[in-house]
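Q: So I've got this file, final20.txt, and it contains compact mmCIF, C-alpha atoms:
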```txt
# COMPACT_ATOMS: atom_id res chain seq x y z
CA MET A 1 52.73 -17.39 -7.36
CA ASN A 2 52.52 -14.17 -9.26
CA LYS A 3 51.64 -16.05 -12.40
CA ARG A 4 48.69 -17.74 -10.69
CA GLU A 5 47.53 -14.45 -9.25
CA GLY A 6 47.74 -12.93 -12.68
CA GLU A 7 45.77 -15.76 -14.18
CA GLY A 8 43.10 -15.40 -11.44
CA TRP A 9 42.86 -11.67 -11.97
CA SER A 10 42.57 -12.06 -15.72
CA ARG A 11 39.82 -14.66 -15.28
CA LYS A 12 37.85 -12.33 -12.97
CA THR A 13 38.27 -9.53 -15.41
CA LEU A 14 37.08 -11.75 -18.26
CA ASP A 15 33.99 -12.89 -16.32
CA ALA A 16 33.10 -9.32 -15.43
CA ALA A 17 33.47 -8.31 -19.04
CA GLN A 18 31.21 -11.14 -20.15
CA GLU A 19 28.57 -10.10 -17.60
CA ARG A 20 28.69 -6.56 -18.91
CA ASP A 21 28.34 -7.83 -22.46
CA VAL A 22 25.29 -9.89 -21.50
CA SER A 23 23.62 -7.01 -19.64
CA ALA A 24 24.40 -4.64 -22.44
CA ASN A 25 22.99 -6.97 -25.06
CA PRO A 26 19.17 -6.92 -24.79
CA SER A 27 18.87 -9.60 -27.46
CA SER A 28 20.73 -12.13 -25.34
CA PRO A 29 18.64 -15.33 -24.89
CA VAL A 30 19.16 -15.15 -21.13
CA ILE A 31 17.94 -11.57 -20.94
CA VAL A 32 14.96 -12.32 -23.17
CA ALA A 33 13.96 -15.34 -21.04
CA PHE A 34 14.17 -13.42 -17.79
CA LYS A 35 12.17 -10.54 -19.21
CA VAL A 36 9.40 -13.04 -19.97
CA PHE A 37 9.61 -14.37 -16.42
CA GLN A 38 9.49 -10.84 -15.06
CA GLN A 39 6.39 -10.02 -17.07
CA GLU A 40 4.61 -13.18 -15.89
CA LEU A 41 5.45 -12.52 -12.25
CA ASP A 42 4.38 -8.87 -12.50
CA THR A 43 1.08 -9.90 -14.08
CA LYS A 44 0.40 -12.44 -11.32
CA HIS A 45 1.36 -9.97 -8.61
CA ASP A 46 -0.95 -7.29 -10.02
CA LYS A 47 -3.82 -9.79 -10.25
CA TYR A 48 -3.16 -10.91 -6.68
CA GLU A 49 -3.32 -7.32 -5.42
CA ARG A 50 -6.56 -6.68 -7.28
CA LEU A 51 -8.08 -9.79 -5.72
CA VAL A 52 -6.98 -8.66 -2.25
CA LYS A 53 -8.73 -5.32 -2.75
CA ILE A 54 -11.93 -6.94 -4.02
CA SER A 55 -11.87 -9.42 -1.13
CA ARG A 56 -11.53 -6.51 1.30
CA ASP A 57 -14.67 -4.92 -0.18
CA VAL A 58 -16.52 -8.24 0.08
CA THR A 59 -15.51 -8.53 3.73
CA ILE A 60 -16.65 -5.00 4.59
CA GLU A 61 -20.04 -5.32 2.89
CA SER A 62 -20.63 -8.77 4.36
CA LYS A 63 -19.92 -7.47 7.87
CA ARG A 64 -22.36 -4.62 7.32
CA THR A 65 -24.97 -7.16 6.27
CA ILE A 66 -24.38 -9.16 9.46
CA PHE A 67 -24.72 -6.03 11.61
CA LEU A 68 -27.97 -5.25 9.81
CA LEU A 69 -29.33 -8.74 10.42
CA HIS A 70 -28.81 -8.37 14.15
CA ARG A 71 -31.51 -5.69 14.09
CA VAL A 72 -34.15 -8.26 13.21
CA ALA A 73 -34.99 -8.89 16.87
CA ASN A 74 -35.46 -5.17 17.58
CA VAL A 75 -37.71 -4.01 14.75
CA PRO A 76 -41.47 -4.53 14.33
CA ASP A 77 -41.23 -5.63 10.68
CA ALA A 78 -38.35 -8.08 10.28
CA GLU A 79 -39.11 -8.69 6.61
CA ASP A 80 -37.97 -5.18 5.67
CA VAL A 81 -34.60 -5.81 7.32
CA LEU A 82 -34.27 -9.18 5.62
CA ASN A 83 -35.05 -7.70 2.22
CA GLU A 84 -32.52 -4.93 2.78
CA ALA A 85 -29.93 -7.53 3.78
CA GLU A 86 -30.70 -9.52 0.64
CA GLY A 87 -30.10 -6.41 -1.42
CA LYS A 88 -26.73 -5.89 0.23
CA LEU A 89 -25.78 -9.49 -0.46
CA ASP A 90 -26.68 -8.99 -4.13
CA GLY A 91 -24.08 -6.23 -4.18
CA VAL A 92 -21.58 -8.54 -2.51
CA ARG A 93 -22.24 -11.18 -5.15
CA GLN A 94 -21.42 -8.65 -7.84
CA LYS A 95 -18.05 -8.16 -6.17
CA ILE A 96 -17.55 -11.93 -6.15
CA GLY A 97 -18.38 -11.83 -9.86
CA GLN A 98 -15.35 -9.54 -10.26
CA ILE A 99 -13.26 -12.18 -8.51
CA ALA A 100 -14.60 -14.80 -10.92
CA GLU A 101 -13.66 -12.52 -13.80
CA GLU A 102 -10.12 -12.16 -12.50
CA LEU A 103 -9.81 -15.93 -12.06
CA ARG A 104 -11.09 -16.73 -15.53
CA GLY A 105 -8.67 -19.23 -17.04
CA GLU A 106 -6.48 -19.25 -13.91
CA ASP A 107 -5.73 -21.86 -11.28
CA ILE A 108 -7.73 -20.49 -8.33
CA TYR A 109 -5.44 -22.11 -5.78
CA GLN A 110 -2.57 -19.88 -6.90
CA PHE A 111 -4.63 -16.89 -5.71
CA HIS A 112 -6.75 -18.53 -3.01
CA LYS A 113 -5.12 -16.69 -0.09
CA ALA A 114 -5.95 -13.37 -1.74
CA PHE A 115 -9.73 -13.77 -1.63
CA THR A 116 -10.48 -16.44 1.00
CA PRO A 117 -11.14 -13.92 3.86
CA GLY A 118 -13.88 -12.23 1.87
CA ILE A 119 -15.48 -15.50 0.77
CA GLN A 120 -15.56 -16.79 4.35
CA GLU A 121 -17.25 -13.58 5.49
CA TYR A 122 -19.77 -13.86 2.66
CA VAL A 123 -20.60 -17.45 3.63
CA GLU A 124 -21.10 -16.27 7.20
CA ALA A 125 -23.47 -13.50 6.12
CA VAL A 126 -25.52 -15.57 3.66
CA SER A 127 -25.82 -18.48 6.10
CA PHE A 128 -26.92 -16.09 8.85
CA LEU A 129 -29.68 -14.70 6.62
CA HIS A 130 -30.70 -18.21 5.61
CA TYR A 131 -30.96 -19.32 9.22
CA ILE A 132 -33.12 -16.35 10.20
CA ARG A 133 -35.50 -17.09 7.33
CA HIS A 134 -35.60 -20.89 7.42
CA ARG A 135 -34.08 -21.94 10.76
CA SER A 136 -31.71 -24.29 8.94
CA LEU A 137 -28.16 -24.36 7.60
CA ILE A 138 -27.60 -23.37 4.00
CA SER A 139 -25.76 -25.99 1.98
CA LEU A 140 -22.63 -25.51 -0.08
CA GLU A 141 -24.62 -26.27 -3.22
CA GLU A 142 -27.13 -23.52 -2.38
CA VAL A 143 -24.30 -21.05 -1.80
CA ASN A 144 -22.67 -21.85 -5.14
CA ALA A 145 -25.98 -21.77 -6.99
CA ARG A 146 -26.19 -18.00 -6.33
CA LEU A 147 -22.69 -17.40 -7.67
CA VAL A 148 -23.39 -17.74 -11.38
CA PHE A 149 -22.81 -14.58 -13.38
CA MET A 150 -23.56 -13.49 -16.90
CA ARG A 151 -20.86 -11.36 -18.45
CA THR A 152 -21.02 -9.60 -21.80
CA ASP A 153 -17.87 -9.01 -23.79
CA LYS A 154 -17.28 -5.61 -25.30
CA ALA A 155 -19.39 -5.26 -28.40
CA GLU A 156 -17.75 -5.00 -31.76
CA PRO A 157 -17.79 -1.49 -33.21
CA LYS A 158 -20.58 -2.33 -35.62
CA GLY A 159 -23.32 -0.35 -33.92
CA SER A 160 -25.55 -3.43 -33.88
CA ALA A 161 -27.50 -4.13 -30.70
CA GLU A 162 -27.98 -7.77 -31.72
CA ALA A 163 -24.23 -8.42 -31.61
CA ALA A 164 -24.01 -8.04 -27.81
CA PRO A 165 -25.64 -11.34 -26.74
CA SER A 166 -23.31 -13.32 -29.00
CA GLY A 167 -20.37 -12.10 -26.89
CA ALA A 168 -22.00 -13.05 -23.58
CA HIS A 169 -20.49 -15.78 -21.43
CA VAL A 170 -21.34 -17.41 -18.13
CA LEU A 171 -18.95 -17.22 -15.18
CA THR A 172 -19.27 -19.39 -12.11
CA PHE A 173 -17.52 -19.06 -8.79
CA GLN A 174 -17.27 -22.16 -6.65
CA VAL A 175 -16.79 -21.70 -2.92
CA THR A 176 -14.32 -24.33 -1.73
CA PRO A 177 -15.44 -26.75 1.01
CA SER A 178 -12.83 -25.34 3.40
CA ASP A 179 -14.06 -21.75 2.92
CA TYR A 180 -17.63 -22.97 3.46
CA LEU A 181 -16.70 -24.74 6.70
CA LEU A 182 -14.76 -21.74 7.99
CA GLY A 183 -17.69 -19.45 7.22
CA VAL A 184 -20.12 -21.76 9.04
CA ALA A 185 -17.74 -21.88 12.02
CA ASP A 186 -17.84 -18.07 12.18
CA LEU A 187 -21.64 -18.19 11.93
CA THR A 188 -21.82 -19.80 15.37
CA GLY A 189 -20.49 -16.62 16.98
CA GLU A 190 -23.26 -14.57 15.36
CA LEU A 191 -25.86 -17.06 16.52
CA MET A 192 -24.54 -16.74 20.06
CA ARG A 193 -24.99 -12.94 19.83
CA MET A 194 -28.47 -13.50 18.44
CA CYS A 195 -29.21 -15.59 21.52
CA ILE A 196 -28.17 -12.70 23.78
CA SER A 197 -30.43 -10.30 21.88
CA SER A 198 -33.34 -12.72 22.08
CA VAL A 199 -32.98 -13.06 25.84
CA GLY A 200 -32.85 -9.29 26.18
CA ASN A 201 -36.12 -9.01 24.26
CA GLY A 202 -37.81 -11.60 26.45
CA ASP A 203 -37.80 -14.27 23.75
CA ILE A 204 -37.37 -17.56 25.60
CA ASP A 205 -37.93 -19.86 22.62
CA THR A 206 -35.11 -18.78 20.30
CA PRO A 207 -32.26 -19.69 22.71
CA PHE A 208 -33.47 -23.29 22.88
CA GLN A 209 -33.71 -23.45 19.07
CA LEU A 210 -30.22 -22.02 18.76
CA SER A 211 -28.86 -24.44 21.33
CA GLN A 212 -30.13 -27.44 19.39
CA PHE A 213 -28.89 -26.02 16.08
CA LEU A 214 -25.42 -25.21 17.42
CA ARG A 215 -25.16 -28.66 18.97
CA GLN A 216 -25.82 -30.19 15.55
CA ILE A 217 -23.15 -28.00 13.95
CA TYR A 218 -20.67 -28.88 16.69
CA ASP A 219 -21.37 -32.59 16.23
CA GLY A 220 -20.78 -32.21 12.50
CA PHE A 221 -17.44 -30.50 13.05
CA SER A 222 -16.50 -33.18 15.57
CA PHE A 223 -16.93 -35.83 12.88
CA ILE A 224 -14.41 -33.97 10.73
CA GLY A 225 -11.90 -33.85 13.58
CA ASN A 226 -8.26 -33.56 12.56
CA THR A 227 -8.92 -34.79 9.04
CA GLY A 228 -10.13 -31.38 7.87
CA PRO A 229 -8.18 -28.20 7.14
CA TYR A 230 -5.98 -26.86 9.91
CA GLU A 231 -7.96 -23.62 10.14
CA VAL A 232 -11.16 -25.59 10.83
CA SER A 233 -9.66 -27.35 13.83
CA LYS A 234 -8.49 -23.98 15.19
CA LYS A 235 -12.02 -22.54 15.04
CA LEU A 236 -13.50 -25.56 16.77
CA HIS A 237 -12.46 -24.08 20.13
CA THR A 238 -14.41 -20.86 19.46
CA LEU A 239 -17.39 -22.94 18.36
CA ARG A 240 -17.29 -24.78 21.69
CA GLN A 241 -17.29 -21.48 23.56
CA SER A 242 -20.32 -20.19 21.62
CA LEU A 243 -22.21 -23.42 22.23
CA GLY A 244 -21.34 -23.33 25.93
CA LYS A 245 -22.69 -19.79 26.31
CA VAL A 246 -25.94 -20.62 24.55
CA GLU A 247 -26.44 -23.77 26.61
CA ASP A 248 -25.75 -21.79 29.77
CA ALA A 249 -28.44 -19.32 28.71
CA CYS A 250 -30.89 -22.17 28.20
CA TYR A 251 -30.00 -23.54 31.63
CA THR A 252 -30.63 -20.13 33.21
CA LEU A 253 -33.96 -19.76 31.44
CA ARG A 254 -35.10 -23.23 32.36
CA VAL A 255 -34.08 -23.13 36.02
CA ARG A 256 -34.55 -19.49 36.98
CA GLY A 257 -36.52 -18.01 34.12
CA SER A 258 -39.83 -18.11 35.98
CA GLU A 259 -38.49 -16.21 39.00
CA ILE A 260 -36.56 -13.47 37.18
CA PRO A 261 -38.29 -10.61 35.32
CA LYS A 262 -37.75 -10.78 31.57
CA HIS A 263 -36.01 -7.40 31.42
CA MET A 264 -33.39 -8.68 33.87
CA LEU A 265 -32.67 -11.97 32.12
CA ALA A 266 -30.23 -10.42 29.65
CA ASP A 267 -28.15 -8.83 32.43
CA LEU A 268 -28.00 -12.10 34.33
CA PHE A 269 -27.11 -14.03 31.20
CA CYS A 270 -24.31 -11.64 30.22
CA SER A 271 -22.81 -11.73 33.69
CA ARG A 272 -22.84 -15.54 33.70
CA THR A 273 -21.36 -15.98 30.23
CA ALA A 274 -18.56 -13.54 31.04
CA HIS A 275 -17.29 -15.96 33.69
CA ILE A 276 -17.56 -19.20 31.70
CA ASP A 277 -14.35 -21.17 31.58
CA PRO A 278 -13.40 -21.59 27.90
CA GLU A 279 -12.84 -25.30 28.52
CA GLU A 280 -16.27 -25.74 30.08
CA GLY A 281 -19.75 -25.68 28.66
CA VAL A 282 -19.32 -28.64 26.32
CA ALA A 283 -19.00 -32.16 27.59
```
I'd like the structure from this file rewritten - as C-alpha cells, please.

A:
Amino acid sequence: MNKREGEGWSRKTLDAAQERDVSANPSSPVIVAFKVFQQELDTKHDKYERLVKISRDVTIESKRTIFLLHRVANVPDAEDVLNEAEGKLDGVRQKIGQIAEELRGEDIYQFHKAFTPGIQEYVEAVSFLHYIRHRSLISLEEVNARLVFMRTDKAEPKGSAEAAPSGAHVLTFQVTPSDYLLGVADLTGELMRMCISSVGNGDIDTPFQLSQFLRQIYDGFSFIGNTGPYEVSKKLHTLRQSLGKVEDACYTLRVRGSEIPKHMLADLFCSRTAHIDPEEGVA
C-alpha cells in the first residue's frame, strides 16, 4: 500500500517537474506552437474589434442620413436635402471602404457579425434615398456598384510623384444578399413613417403609392418564406405591421378623407394606427 502511494507520489512529482521544465523552456516545440496560435487569435480579435467600431460609425451616420431624409416632406426645396443626404452617404461609403481594407485577403464570414449591423443600416439609408428619388427599390447590384474603392499604397521613399499610381489597387465590398434583405425589411418602417408625414402635410397621393410599393415588397418576402435567413423571417412580422398601418391610412383617406379637414387627418391616422392589432392589417 505504501509502496503504491510512494509510486503515485513520485509520478505526480515527476509530471509536475516536466511541466515546469516545459514552461521554463521557451524553445519547446509546444510553447512555440501555442505562441503562434496566440498571435493569430490576438490578431483576429483586434481586427474584429476594429470592424465593430467602424460598423458602429456606419450605423450612426446612416441613421443621421435617414433622419435627414424624413425632412423632405417639410422643406420647400427637397433637392437640397437629397443632395445633403447623398453627401452623408459618401462619407458612410468611405467608412465601408475601411471595412473592405480590413477584410482584404480575409474570409469575410469570419468577421461578418462584426460589421453586419452597419451594412444593414447603410442599405436602409441608401434604399430610402433611392425610393424618394425614383419611387422604386434599389437593387443589390446597384448597392454594390457604389462600393468600389481606389486605395493607394504608401509611396516608396523615392520622392517621385509618378510612383504613387503604380501602388494603387482597387477594393470592392460586396453586400451579402441577407444583409440586403434585412436592410430592405427595415426600410419598410421608414416608409410607414413617411406615410404619416405625408398625411400630416395633406399629401393624399403618397400614401397610396407607398401602400402599393410595400405590398410588392411584402409579396416578395412571402415568396422567400422560411427558406431565407432566420433574421429575415423574424422581420417579416414588423413588415406586416408597417403595411397594415399604411393600408389603414389609405382606407381612412379613401372613405373619410373628403369629410375631414386635411390638418386633422394626421391626428386621426395616428390614433387609428395606435390601436391596430399586430396580427391584423394583412390578409

Q: For A:Glu101, which residue out of A:Leu187, A:Arg254, A:Phe173, A:Thr116 is the nearest one, using only C-alpha atoms?

A: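 Going through A:Leu187, A:Arg254, A:Phe173, A:Thr116 one by one, the smallest distance to A:Glu101 is for A:Phe173.
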
Q: Just how far from atom CA of A:Ile60 is atom CA of A:Val126, in Å to one decimal?

A: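 Distance reported for this atom pair: 13.8 Å.
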
Q: Could you list as a PyMOL selection string every residue that has an atom within 12 Å of (-25.7, -20.0, -6.2), using the file's coordinates and counting all atoms listed in the file?

A: chain A and resi 89-90+93+96-97+123+126+138-149+171-175

Q: Considering only C-alpha atoms, can you say which of A:Lys245, A:His169, A:His112, A:Lys235 comes closest to A:Glu49?

A: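 For A:Glu49, the nearest of the given residues is A:His112.
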
Q: In Å, how far is it from atom CA of A:Thr252 to atom CA of A:Leu210?

A: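 So the answer is 14.6 Å.
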
Q: For A:Thr238, please output as a tab-separated table (two decimals) with C-alpha atoms, in the frame of the given file all residues within 10 Å (counting only C-alpha atoms; exclusion window: fewer than 6 positions along the same chain).

A:
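For reference, out29.tsv as written:
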```tsv
chain	number	residue	atom	x	y	z
A	185	ALA	CA	-17.74	-21.88	12.02
A	186	ASP	CA	-17.84	-18.07	12.18
A	188	THR	CA	-21.82	-19.80	15.37
A	189	GLY	CA	-20.49	-16.62	16.98
A	244	GLY	CA	-21.34	-23.33	25.93
A	278	PRO	CA	-13.40	-21.59	27.90
```

Q: For atom CA of A:Val184 and atom CA of A:Phe223, determine how far apart the two atoms are, in Å to one decimal place.

A: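 Result for atom CA of A:Val184 versus atom CA of A:Phe223: 14.9 Å, one decimal.
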